[in-house]
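**Student:** Data: work_24.txt, compact mmCIF, C-alpha atoms.
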```txt
# COMPACT_ATOMS: atom_id res chain seq x y z
CA MET A 1 -17.69 -10.46 14.23
CA GLU A 2 -17.39 -7.35 16.30
CA GLU A 3 -13.99 -6.32 17.51
CA SER A 4 -13.48 -3.59 20.01
CA ASP A 5 -10.89 -1.02 19.08
CA GLU A 6 -8.60 -2.19 21.89
CA LYS A 7 -8.28 -5.65 20.33
CA LEU A 8 -7.40 -4.31 16.92
CA THR A 9 -3.85 -3.86 15.78
CA LYS A 10 -3.94 -0.45 14.21
CA ILE A 11 -1.80 0.17 11.20
CA LYS A 12 -1.22 3.35 9.29
CA VAL A 13 -0.05 2.98 5.73
CA ALA A 14 0.72 5.87 3.39
CA VAL A 15 0.67 5.45 -0.36
CA LEU A 16 3.07 7.76 -2.10
CA GLY A 17 4.45 8.44 -5.51
CA ASP A 18 4.42 10.89 -8.38
CA SER A 19 1.21 12.23 -9.80
CA GLY A 20 -0.28 9.70 -12.22
CA ALA A 21 1.59 6.76 -10.77
CA GLY A 22 -1.67 4.97 -10.02
CA LYS A 23 -1.87 5.34 -6.24
CA SER A 24 -5.58 6.11 -6.02
CA CYS A 25 -6.43 3.34 -8.47
CA LEU A 26 -4.38 0.87 -6.47
CA ILE A 27 -6.31 1.76 -3.33
CA ALA A 28 -9.66 1.77 -5.10
CA VAL A 29 -9.02 -1.65 -6.62
CA PHE A 30 -7.82 -3.01 -3.30
CA SER A 31 -11.02 -1.76 -1.73
CA ALA A 32 -13.05 -3.36 -4.53
CA ILE A 33 -11.29 -6.70 -4.09
CA LYS A 34 -11.91 -6.54 -0.39
CA ASN A 35 -15.59 -5.95 -1.05
CA ASN A 36 -15.71 -8.83 -3.53
CA ARG A 37 -16.27 -6.51 -6.45
CA THR A 38 -13.73 -8.05 -8.75
CA GLU A 39 -15.29 -7.58 -12.16
CA ASN A 40 -15.41 -3.84 -12.55
CA PHE A 41 -11.82 -2.73 -12.32
CA SER A 42 -12.09 -0.85 -15.61
CA GLU A 43 -15.01 1.18 -14.29
CA ILE A 44 -12.99 2.07 -11.22
CA LEU A 45 -10.12 3.26 -13.38
CA GLU A 46 -12.45 5.33 -15.55
CA ASP A 47 -13.97 7.02 -12.51
CA SER A 48 -10.59 7.90 -11.09
CA ALA A 49 -9.61 11.55 -11.01
CA MET A 50 -6.50 13.38 -9.93
CA THR A 51 -6.19 13.41 -6.15
CA VAL A 52 -6.37 16.85 -4.63
CA GLY A 53 -5.37 16.92 -1.00
CA ASN A 54 -5.43 13.66 0.87
CA TYR A 55 -7.89 10.89 1.52
CA TYR A 56 -7.96 7.90 3.71
CA LEU A 57 -9.59 4.55 3.55
CA SER A 58 -10.18 2.58 6.68
CA LEU A 59 -10.31 -1.20 6.46
CA ALA A 60 -10.67 -3.73 9.22
CA PHE A 61 -9.87 -7.38 8.65
CA GLN A 62 -8.40 -10.41 10.22
CA THR A 63 -5.27 -12.23 9.16
CA LEU A 64 -5.85 -15.94 8.78
CA THR A 65 -3.76 -19.01 8.28
CA MET B 1 6.40 -14.30 3.13
CA THR B 2 5.04 -15.13 6.53
CA MET B 3 2.03 -13.53 8.06
CA PRO B 4 1.25 -13.48 11.75
CA ASN B 5 -2.13 -15.09 11.78
CA ASN B 6 -5.39 -14.58 13.52
CA ARG B 7 -4.80 -10.92 14.15
CA ALA B 8 -7.52 -8.37 13.93
CA VAL B 9 -6.12 -5.45 12.03
CA LYS B 10 -7.46 -2.04 11.31
CA MET B 11 -5.57 -0.47 8.47
CA ASN B 12 -5.85 3.20 7.66
CA ILE B 13 -4.61 3.75 4.14
CA TRP B 14 -3.69 7.31 3.30
CA ASP B 15 -3.90 8.27 -0.32
CA THR B 16 -1.66 11.23 -1.00
CA ALA B 17 -1.60 13.71 -3.85
CA GLY B 18 1.49 13.19 -5.95
CA GLN B 19 1.96 16.73 -7.13
CA GLU B 20 4.88 18.70 -5.80
CA LYS B 21 2.66 21.50 -4.50
CA TYR B 22 1.01 19.13 -2.02
CA ARG B 23 4.29 17.78 -0.69
CA ALA B 24 4.26 19.97 2.44
CA ILE B 25 0.71 18.90 3.36
CA ASN B 26 1.56 15.27 2.75
CA ARG B 27 4.42 15.40 5.22
CA ASN B 28 1.94 15.73 8.06
CA LEU B 29 0.39 12.47 6.94
CA TYR B 30 3.53 10.43 6.98
CA LEU B 31 3.85 11.15 10.68
CA GLY B 32 3.29 7.91 12.54
CA ALA B 33 2.91 5.79 9.41
CA GLN B 34 4.25 2.30 10.02
CA GLY B 35 4.20 1.41 6.37
CA ALA B 36 4.54 3.11 3.02
CA LEU B 37 3.83 1.93 -0.47
CA LEU B 38 6.02 3.85 -2.87
CA CYS B 39 4.34 3.68 -6.26
CA PHE B 40 6.15 4.07 -9.55
CA ASP B 41 4.70 3.90 -13.02
CA LEU B 42 6.52 1.11 -14.86
CA THR B 43 5.87 2.84 -18.18
CA ARG B 44 7.78 5.98 -17.16
CA LYS B 45 11.49 6.47 -17.28
CA LEU B 46 13.00 6.62 -13.81
CA VAL B 47 16.35 7.42 -12.32
CA ASN B 48 17.71 6.40 -8.95
CA ASP B 49 17.14 9.89 -7.53
CA ASP B 50 13.41 9.67 -8.22
CA ILE B 51 13.11 6.65 -5.96
CA ASP B 52 15.50 8.12 -3.42
CA LEU B 53 13.38 11.24 -3.17
CA TRP B 54 10.32 9.29 -2.04
CA ARG B 55 12.32 7.02 0.23
CA LYS B 56 13.79 10.06 1.98
CA GLU B 57 10.35 11.64 2.26
CA VAL B 58 9.17 8.63 4.19
CA GLN B 59 12.23 8.04 6.28
CA GLU B 60 12.61 11.70 7.22
CA HIS B 61 8.98 12.49 7.88
CA ALA B 62 7.45 9.19 8.98
CA SER B 63 10.07 7.14 10.68
CA SER B 64 13.34 5.54 9.73
CA LYS B 65 11.72 2.24 10.75
CA CYS B 66 8.75 2.67 8.43
CA CYS B 67 8.26 -0.50 6.36
CA ILE B 68 8.65 0.41 2.73
CA VAL B 69 7.26 -1.55 -0.18
CA ILE B 70 8.25 -0.52 -3.70
CA VAL B 71 5.31 -0.90 -6.05
CA GLY B 72 5.65 -0.91 -9.82
CA THR B 73 2.26 0.00 -11.24
CA LYS B 74 0.60 -0.49 -14.65
CA ALA B 75 2.37 -3.81 -15.16
CA ASP B 76 -0.30 -4.85 -17.67
CA LYS B 77 0.72 -2.20 -20.20
CA GLU B 78 2.75 -3.03 -23.26
CA GLU B 79 4.72 0.18 -22.75
CA VAL B 80 6.38 -1.13 -19.58
CA LEU B 81 10.03 -0.11 -19.70
CA PRO B 82 12.39 -2.96 -18.86
CA GLU B 83 14.96 -0.47 -17.54
CA THR B 84 12.43 0.98 -15.08
CA ARG B 85 11.51 -2.49 -13.91
CA ALA B 86 15.17 -3.42 -13.51
CA LEU B 87 15.96 -0.21 -11.64
CA LEU B 88 13.11 -0.68 -9.16
CA GLU B 89 14.10 -4.27 -8.64
CA ALA B 90 17.76 -3.42 -8.07
CA TYR B 91 16.92 -0.49 -5.78
CA SER B 92 14.63 -2.66 -3.67
CA LYS B 93 17.21 -5.37 -3.39
CA MET B 94 19.96 -2.95 -2.44
CA ASN B 95 17.88 -1.29 0.25
CA GLY B 96 16.20 -4.41 1.58
CA PHE B 97 12.71 -3.43 0.45
CA GLN B 98 10.10 -5.71 -1.01
CA PHE B 99 9.25 -5.06 -4.64
CA VAL B 100 5.97 -5.94 -6.27
CA GLU B 101 4.55 -5.26 -9.72
CA THR B 102 0.86 -4.53 -9.81
CA SER B 103 -1.87 -3.84 -12.30
CA SER B 104 -4.97 -2.02 -11.15
CA LYS B 105 -6.55 -2.83 -14.49
CA THR B 106 -6.39 -6.57 -13.97
CA GLY B 107 -6.15 -6.50 -10.18
CA SER B 108 -2.93 -8.46 -10.38
CA ASN B 109 -0.86 -8.32 -7.17
CA VAL B 110 -2.87 -5.42 -5.75
CA GLN B 111 -3.82 -7.33 -2.65
CA GLU B 112 -0.32 -8.75 -2.51
CA ALA B 113 1.20 -5.27 -2.23
CA PHE B 114 -0.86 -4.46 0.86
CA LYS B 115 -0.33 -7.94 2.24
CA ILE B 116 3.41 -7.46 2.12
CA ALA B 117 3.12 -4.14 3.93
CA VAL B 118 0.85 -5.59 6.62
CA SER B 119 3.11 -8.61 7.13
CA GLU B 120 6.20 -6.48 7.52
CA ILE B 121 4.50 -4.09 9.89
CA LEU B 122 3.11 -6.85 12.08
CA LEU B 123 6.46 -8.59 12.21
CA THR B 124 8.21 -5.32 13.03
CA LYS B 125 5.64 -4.50 15.71
CA ASP B 126 5.92 -7.85 17.37
CA PRO B 127 9.23 -9.44 16.39
CA LYS B 128 9.40 -11.72 19.44
CA LYS B 129 6.15 -13.45 18.70
CA PRO B 130 6.85 -16.37 16.37
CA ASP B 131 4.55 -16.80 13.44
CA ARG B 132 1.95 -19.40 13.93
CA ALA B 133 1.10 -19.26 10.30
CA ALA B 134 2.39 -21.98 8.08
CA GLY B 135 4.26 -19.34 6.23
CA ASN B 136 2.62 -18.92 2.90
CA GLY B 137 0.73 -15.80 3.89
CA GLU B 138 -2.28 -17.03 1.99
CA GLY B 139 -4.44 -15.89 4.78
CA PHE B 140 -4.63 -12.22 4.11
CA GLY B 141 -8.22 -12.90 4.74
CA LEU B 142 -10.26 -9.80 4.42
CA VAL B 143 -13.08 -11.12 6.46
CA PRO B 144 -16.03 -9.15 5.16
CA ASP B 145 -18.05 -9.01 8.35
CA VAL B 146 -15.39 -7.20 10.31
CA SER B 147 -14.67 -4.72 7.63
CA LYS B 148 -15.49 -1.09 7.59
CA ASN B 149 -14.91 0.77 4.44
CA ASN B 150 -14.85 4.50 4.63
CA ARG B 151 -13.20 6.74 2.16
CA ARG B 152 -13.14 10.18 3.63
CA ASN B 153 -11.57 13.47 2.98
CA CYS B 154 -9.12 14.14 5.77
CA CYS B 155 -10.67 17.52 6.44
CA SER B 156 -14.26 16.32 6.70
```
Would you mind writing the structure in this file as structure tokens?
**Tutor:**
Amino acid sequence: MEESDEKLTKIKVAVLGDSGAGKSCLIAVFSAIKNNRTENFSEILEDSAMTVGNYYLSLAFQTLT
Amino acid sequence: MTMPNNRAVKMNIWDTAGQEKYRAINRNLYLGAQGALLCFDLTRKLVNDDIDLWRKEVQEHASSKCCIVIVGTKADKEEVLPETRALLEAYSKMNGFQFVETSSKTGSNVQEAFKIAVSEILLTKDPKKPDRAAGNGEGFGLVPDVSKNNRRNCCS
């Protein structure tokens, strides 16, 4: 399904917290779940490094009943 | 938790560096954020001021109306401190925030944390529109074919 940008409700969410709180892992795992990669969470955690600067992840989806 | 249904949503998630030295840069990011997930390690000792600090960061630099979700991370660990859990729970209750415990290791409640944020933002954005959803919010359907997944450095 293709959605034009005008039809999308755009949301900006910031993930904050102290260093080592698990912010990047939370986002990485969320992204993995979204992409149906639900068996390799440990690998994701192992690959995670300290965030320097800022990153963003853009996800488009549809809310359903 | 209710979720306005059948809405196409594009969510930009900003991952910020937690270190103090990046605080000034991060403040530019909060600008315009409709939602914030404040993450706290459940295995670390916390005091009220630690949570307050992040809440103020958001409310002063994003917006006072920014939807805040308090997230307790690493819930799978044996070292989880009951006092930290209780403090986060009490703080959330007192300030009217949603609180969720997550584990990135098991994936437990990770989607839930973002679902709560999205629900609150959509309801705040469009409070007059009644929810057509039955109300269980099950439908945080991440429909794969409309998804774009790009992790980028903000400066690239």
**Student:** Quick one: everything within 12 Å of stretch 38-46 of chain A, counting all atoms listed in the file, minus sequence neighbours fewer than 5 positions away in the same chain. Send it as number ranges by chain.
**Tutor:** A: 20, 22-33; B: 74, 103-108, 110-111
**Student:** Closest to B:Val118 among A:Val13, A:Asp47, A:Arg37, A:Lys7, using all atoms listed in the file?
**Tutor:**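 Answer, going by the shortest atom-to-atom distance: A:Val13.
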**Student:** Can you work out the spacing between atom CA of A:Ser19 and atom CA of B:Glu57 in Å, to one decimal?
**Tutor:**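 Between atom CA of A:Ser19 and atom CA of B:Glu57 the gap is 15.1 Å.
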**Student:** Would you kindly identify which residues have an atom no farther than 9 Å from (4.7, 2.5, 2.6), using only C-alpha atoms and the file's own coordinates, and write them out as a ChimeraX atom specification?
**Tutor:** /A:12-16 /B:33-39,58,66-70,117
**Student:** To one decimal place, how far is atom CA of B:Asp50 from atom CA of B:Phe97 in Å?
**Tutor:**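 Separating atom CA of B:Asp50 from atom CA of B:Phe97 is a distance of 15.7 Å.
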**Student:** As an exercise, work out the distance from atom CA of B:Gly32 to atom CA of B:Ala62 in Å and give it to one decimal place.
**Tutor:**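 So the two atoms, atom CA of B:Gly32 and atom CA of B:Ala62, lie 5.6 Å apart.
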**Student:** Nearest residue to chain A out of B:Thr73, B:Gln98, B:Asn48, B:Ser63, using all atoms listed in the file?
**Tutor:** B:Thr73
**Student:** Might you pull out every residue within 7 Å of B:Leu81, with only C-alpha atoms counted and same-chain residues fewer than 3 positions away left off, and present them as a list in words?
**Tutor:** Leu42, Thr43, Arg44, Thr84 and Arg85 of chain B
